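Trainee: Pasting entry33.cif below, which is mmCIF, C-alpha atoms.
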data_entry
loop_
_atom_site.label_atom_id
_atom_site.label_comp_id
_atom_site.auth_asym_id
_atom_site.auth_seq_id
_atom_site.Cartn_x
_atom_site.Cartn_y
_atom_site.Cartn_z
CA MET A 15 4.45 -12.07 33.56
CA ALA A 16 6.20 -10.47 30.58
CA ASP A 17 5.42 -6.86 29.67
CA SER A 18 2.86 -7.01 26.85
CA TYR A 19 3.46 -3.45 25.62
CA LYS A 20 5.20 -3.21 22.25
CA SER A 21 6.73 0.22 22.83
CA PRO A 22 7.90 2.38 25.71
CA GLY A 23 5.31 4.97 24.61
CA ALA A 24 2.47 2.48 25.01
CA ARG A 25 3.75 1.47 28.46
CA ALA A 26 4.07 5.13 29.51
CA ALA A 27 0.56 5.94 28.24
CA HIS A 28 -0.85 3.00 30.20
CA ASP A 29 1.05 3.98 33.35
CA ALA A 30 -0.25 7.56 33.03
CA GLY A 31 -3.84 6.29 32.81
CA MET A 32 -4.23 7.35 29.19
CA THR A 33 -6.44 5.47 26.78
CA ILE A 34 -4.61 4.19 23.72
CA PRO A 35 -6.69 4.45 20.51
CA HIS A 36 -7.47 1.18 18.76
CA LYS A 37 -5.63 2.33 15.60
CA PRO A 38 -2.93 4.87 14.77
CA ALA A 39 -4.05 8.44 14.09
CA GLY A 40 -4.72 9.03 10.41
CA TYR A 41 -5.01 5.35 9.51
CA PRO A 42 -8.17 3.98 7.89
CA ALA A 43 -9.93 1.05 9.53
CA LEU A 44 -9.22 -1.16 6.50
CA SER A 45 -5.88 -1.42 4.69
CA PRO A 46 -4.60 -3.96 2.20
CA TYR A 47 -1.56 -5.95 3.38
CA LEU A 48 0.85 -7.03 0.65
CA CYS A 49 3.37 -9.83 1.12
CA VAL A 50 5.80 -9.34 -1.77
CA ASP A 51 9.22 -10.24 -3.10
CA GLY A 52 11.10 -6.96 -2.85
CA ALA A 53 9.13 -4.74 -0.49
CA ALA A 54 11.65 -1.92 -0.94
CA ARG A 55 10.95 -1.90 -4.70
CA THR A 56 7.21 -1.89 -4.06
CA ILE A 57 7.55 1.05 -1.65
CA GLU A 58 9.65 2.96 -4.21
CA PHE A 59 7.02 2.22 -6.87
CA MET A 60 4.15 3.50 -4.69
CA VAL A 61 6.08 6.66 -3.79
CA ARG A 62 7.10 7.39 -7.37
CA VAL A 63 3.91 6.48 -9.23
CA PHE A 64 1.15 7.23 -6.71
CA ASP A 65 2.84 10.08 -4.80
CA GLY A 66 2.87 7.82 -1.75
CA ALA A 67 4.45 8.77 1.55
CA GLU A 68 6.30 6.12 3.53
CA LEU A 69 4.95 6.13 7.08
CA CYS A 70 7.10 3.47 8.68
CA ARG A 71 9.56 0.68 7.94
CA TYR A 72 10.62 -2.01 10.40
CA PRO A 73 13.43 -4.37 9.44
CA ALA A 74 13.27 -8.07 10.13
CA PRO A 75 16.28 -9.59 11.94
CA ASP A 76 17.57 -11.01 8.64
CA GLY A 77 17.51 -7.62 6.88
CA ARG A 78 14.24 -8.04 5.00
CA ILE A 79 11.47 -5.51 5.53
CA GLY A 80 9.32 -7.05 8.24
CA HIS A 81 6.62 -4.39 8.07
CA ALA A 82 6.11 -1.05 6.33
CA ALA A 83 3.24 1.31 5.60
CA VAL A 84 2.74 3.79 2.77
CA ARG A 85 0.04 6.45 2.61
CA ILE A 86 -1.57 6.94 -0.81
CA ASP A 87 -4.18 9.71 -0.85
CA ASP A 88 -6.61 8.82 1.96
CA SER A 89 -5.50 5.19 2.29
CA VAL A 90 -2.65 3.24 3.85
CA VAL A 91 -1.08 0.18 2.22
CA MET A 92 0.82 -2.12 4.56
CA LEU A 93 3.41 -4.56 3.29
CA GLY A 94 6.39 -6.73 4.07
CA ASP A 95 8.91 -8.94 2.35
CA ALA A 96 8.04 -12.56 1.79
CA GLY A 97 9.77 -15.05 4.05
CA PRO A 98 9.77 -18.73 4.96
CA ASN A 99 6.42 -18.56 6.75
CA TRP A 100 4.94 -15.76 4.65
CA PRO A 101 5.23 -16.49 0.92
CA ALA A 102 4.76 -13.77 -1.66
CA THR A 103 1.09 -13.71 -2.60
CA PRO A 104 -0.23 -12.13 -5.80
CA ALA A 105 -2.67 -9.33 -5.01
CA HIS A 106 -4.92 -6.95 -6.91
CA VAL A 107 -5.45 -3.44 -5.54
CA HIS A 108 -7.87 -0.85 -6.96
CA LEU A 109 -6.89 2.81 -6.69
CA TYR A 110 -8.68 5.95 -7.87
CA VAL A 111 -6.28 8.55 -9.26
CA ARG A 112 -6.79 12.04 -10.68
CA ASP A 113 -5.49 11.13 -14.16
CA VAL A 114 -5.54 7.44 -15.06
CA ASP A 115 -3.67 7.97 -18.33
CA ALA A 116 -0.79 9.90 -16.73
CA THR A 117 -0.59 7.42 -13.84
CA TYR A 118 -0.56 4.48 -16.25
CA ARG A 119 2.35 6.04 -18.18
CA ALA A 120 4.21 6.80 -14.93
CA ALA A 121 3.76 3.20 -13.79
CA LEU A 122 5.22 1.84 -17.04
CA ALA A 123 8.14 4.28 -16.75
CA ALA A 124 8.74 2.98 -13.20
CA GLY A 125 9.09 -0.61 -14.41
CA ALA A 126 5.52 -1.91 -14.33
CA THR A 127 4.14 -4.10 -17.08
CA SER A 128 0.80 -3.42 -18.72
CA VAL A 129 -2.16 -5.58 -17.78
CA GLN A 130 -4.72 -3.38 -19.54
CA GLU A 131 -4.43 0.05 -21.14
CA PRO A 132 -6.86 2.57 -19.64
CA ILE A 133 -10.27 2.26 -21.26
CA LYS A 134 -13.82 3.37 -20.54
CA LYS A 135 -16.16 0.38 -20.39
CA ASP A 136 -19.71 -0.01 -19.04
CA ASP A 137 -19.29 1.70 -15.69
CA ASP A 138 -18.52 5.32 -14.75
CA ASP A 139 -14.73 4.89 -14.67
CA LYS A 140 -11.86 4.86 -17.13
CA ARG A 141 -9.65 2.04 -15.82
CA GLY A 142 -6.36 0.39 -16.63
CA GLY A 143 -4.09 -2.12 -14.97
CA VAL A 144 -0.37 -2.56 -14.36
CA LYS A 145 1.73 -5.13 -12.54
CA ASP A 146 4.53 -3.61 -10.47
CA PRO A 147 8.03 -5.13 -10.22
CA GLY A 148 7.06 -6.83 -6.92
CA GLY A 149 4.13 -8.66 -8.49
CA THR A 150 1.15 -6.60 -7.29
CA THR A 151 -1.50 -5.79 -9.92
CA TRP A 152 -2.77 -2.24 -9.58
CA TRP A 153 -6.12 -1.37 -11.12
CA ILE A 154 -6.05 2.41 -11.53
CA ALA A 155 -9.13 4.41 -12.40
CA THR A 156 -10.55 7.88 -12.77
CA GLN A 157 -14.27 8.47 -12.56
CA VAL A 158 -15.26 10.10 -15.87
CA ALA A 159 -19.07 10.11 -15.51
CA LEU A 160 -21.48 10.52 -12.66
CA PRO A 161 -23.52 7.48 -11.67
CA THR A 162 -26.95 7.43 -13.22
#
I need this file expressed as structure tokens, please.

Mentor:
Amino acid sequence: MADSYKSPGARAAHDAGMTIPHKPAGYPALSPYLCVDGAARTIEFMVRVFDGAELCRYPAPDGRIGHAAVRIDDSVVMLGDAGPNWPATPAHVHLYVRDVDATYRAALAAGATSVQEPIKKDDDDKRGGVKDPGGTTWWIATQVALPT
């Protein structure tokens, strides 16, 4: 039977009788997964605009990004380049930021296109939207009032 462990570390932990956690340390239980055209551009966008930190990047055999993860605040966004069996899929992601207006301007400066200028509507947030160069629509918001 083939070894089912994905890494030498996992095999060593098993052999030592250690319990392997069900998810990596510091990862939330739920993360969006983006399949995009140009994952490297999307990673650069998240790092530049949202102060993201790239956690990992695994190349596919053909040079595309097979899998990557970026931490933004208390969340992790996972992504990979589109391929023959995984087409790019438009996605919408909502993200709370400290200053929606500054983040909106930074996104436009980083090559995003405007979907909606930040505006306060009927809820407790001021929200705007941008589409990044990889095709993901980011709804960015700052809470400006406490819920009633």

Trainee: Would you pick out the contacts of Arg62 of chain A at 10 Å or less, using all atoms listed in the file, so that residues sharing its chain but fewer than 4 positions from it are not included, and give the list as a PyMOL selection string?

Mentor: chain A and resi 56-58+66-67+120-121+123-124

Trainee: If we count all atoms listed in the file and set the cut-off at 10 Å, which residues sit around Ala159 of chain A, ignoring sequence neighbours fewer than 3 positions away in its own chain? Please answer as a VMD selection string.

Mentor: chain A and resid 134 137 to 140 156 162

Trainee: If you count only C-alpha atoms, which residues fall within 12 Å of Arg85 of chain A, apart from same-chain ones fewer than 6 positions away, as number ranges by chain?

Mentor: A: 40-42, 45-46, 57, 60-61, 64-70, 91-93

Trainee: Could those residues be written to a file, using C-alpha atoms, as a PDB file, in the coordinates of the input?

Mentor:
ATOM      1  CA  GLY A  40      -4.720   9.030  10.410  1.00  0.00           C
ATOM      2  CA  TYR A  41      -5.010   5.350   9.510  1.00  0.00           C
ATOM      3  CA  PRO A  42      -8.170   3.980   7.890  1.00  0.00           C
ATOM      4  CA  SER A  45      -5.880  -1.420   4.690  1.00  0.00           C
ATOM      5  CA  PRO A  46      -4.600  -3.960   2.200  1.00  0.00           C
ATOM      6  CA  ILE A  57       7.550   1.050  -1.650  1.00  0.00           C
ATOM      7  CA  MET A  60       4.150   3.500  -4.690  1.00  0.00           C
ATOM      8  CA  VAL A  61       6.080   6.660  -3.790  1.00  0.00           C
ATOM      9  CA  PHE A  64       1.150   7.230  -6.710  1.00  0.00           C
ATOM     10  CA  ASP A  65       2.840  10.080  -4.800  1.00  0.00           C
ATOM     11  CA  GLY A  66       2.870   7.820  -1.750  1.00  0.00           C
ATOM     12  CA  ALA A  67       4.450   8.770   1.550  1.00  0.00           C
ATOM     13  CA  GLU A  68       6.300   6.120   3.530  1.00  0.00           C
ATOM     14  CA  LEU A  69       4.950   6.130   7.080  1.00  0.00           C
ATOM     15  CA  CYS A  70       7.100   3.470   8.680  1.00  0.00           C
ATOM     16  CA  VAL A  91      -1.080   0.180   2.220  1.00  0.00           C
ATOM     17  CA  MET A  92       0.820  -2.120   4.560  1.00  0.00           C
ATOM     18  CA  LEU A  93       3.410  -4.560   3.290  1.00  0.00           C
TER      19      LEU A  93
END

Trainee: Can you list, as a ChimeraX atom specification, the residues that the PyMOL selection byres ((chain A and resi 143) around 8) selects here?

Mentor: /A:118,128-132,141-142,144-145,151-154

Trainee: With C-alpha atoms retained, could you export that selection as a short mmCIF file (atom, residue, chain, number, x, y, z; two decimals), in the frame of the given file?

Mentor:
data_model
loop_
_atom_site.label_atom_id
_atom_site.label_comp_id
_atom_site.auth_asym_id
_atom_site.auth_seq_id
_atom_site.Cartn_x
_atom_site.Cartn_y
_atom_site.Cartn_z
CA TYR A 118 -0.56 4.48 -16.25
CA SER A 128 0.80 -3.42 -18.72
CA VAL A 129 -2.16 -5.58 -17.78
CA GLN A 130 -4.72 -3.38 -19.54
CA GLU A 131 -4.43 0.05 -21.14
CA PRO A 132 -6.86 2.57 -19.64
CA ARG A 141 -9.65 2.04 -15.82
CA GLY A 142 -6.36 0.39 -16.63
CA VAL A 144 -0.37 -2.56 -14.36
CA LYS A 145 1.73 -5.13 -12.54
CA THR A 151 -1.50 -5.79 -9.92
CA TRP A 152 -2.77 -2.24 -9.58
CA TRP A 153 -6.12 -1.37 -11.12
CA ILE A 154 -6.05 2.41 -11.53
#

Trainee: Grab the atom CA of Ile133 of chain A to atom CA of Pro104 of chain A distance for me, in Å with one decimal place.

Mentor: 23.4 Å

Trainee: Calculated over only C-alpha atoms, which of the candidates A:Ser89, A:Thr150, A:Gln157, A:Thr33 has the smallest distance to Ala53 of chain A?

Mentor: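 Closest residue, counting only C-alpha atoms: A:Thr150.
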
Trainee: What gap, in Å, lies between atom CA of Arg71 of chain A and atom CA of Arg119 of chain A?

Mentor: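 We find that atom CA of Arg71 of chain A and atom CA of Arg119 of chain A lie 27.6 Å from each other.
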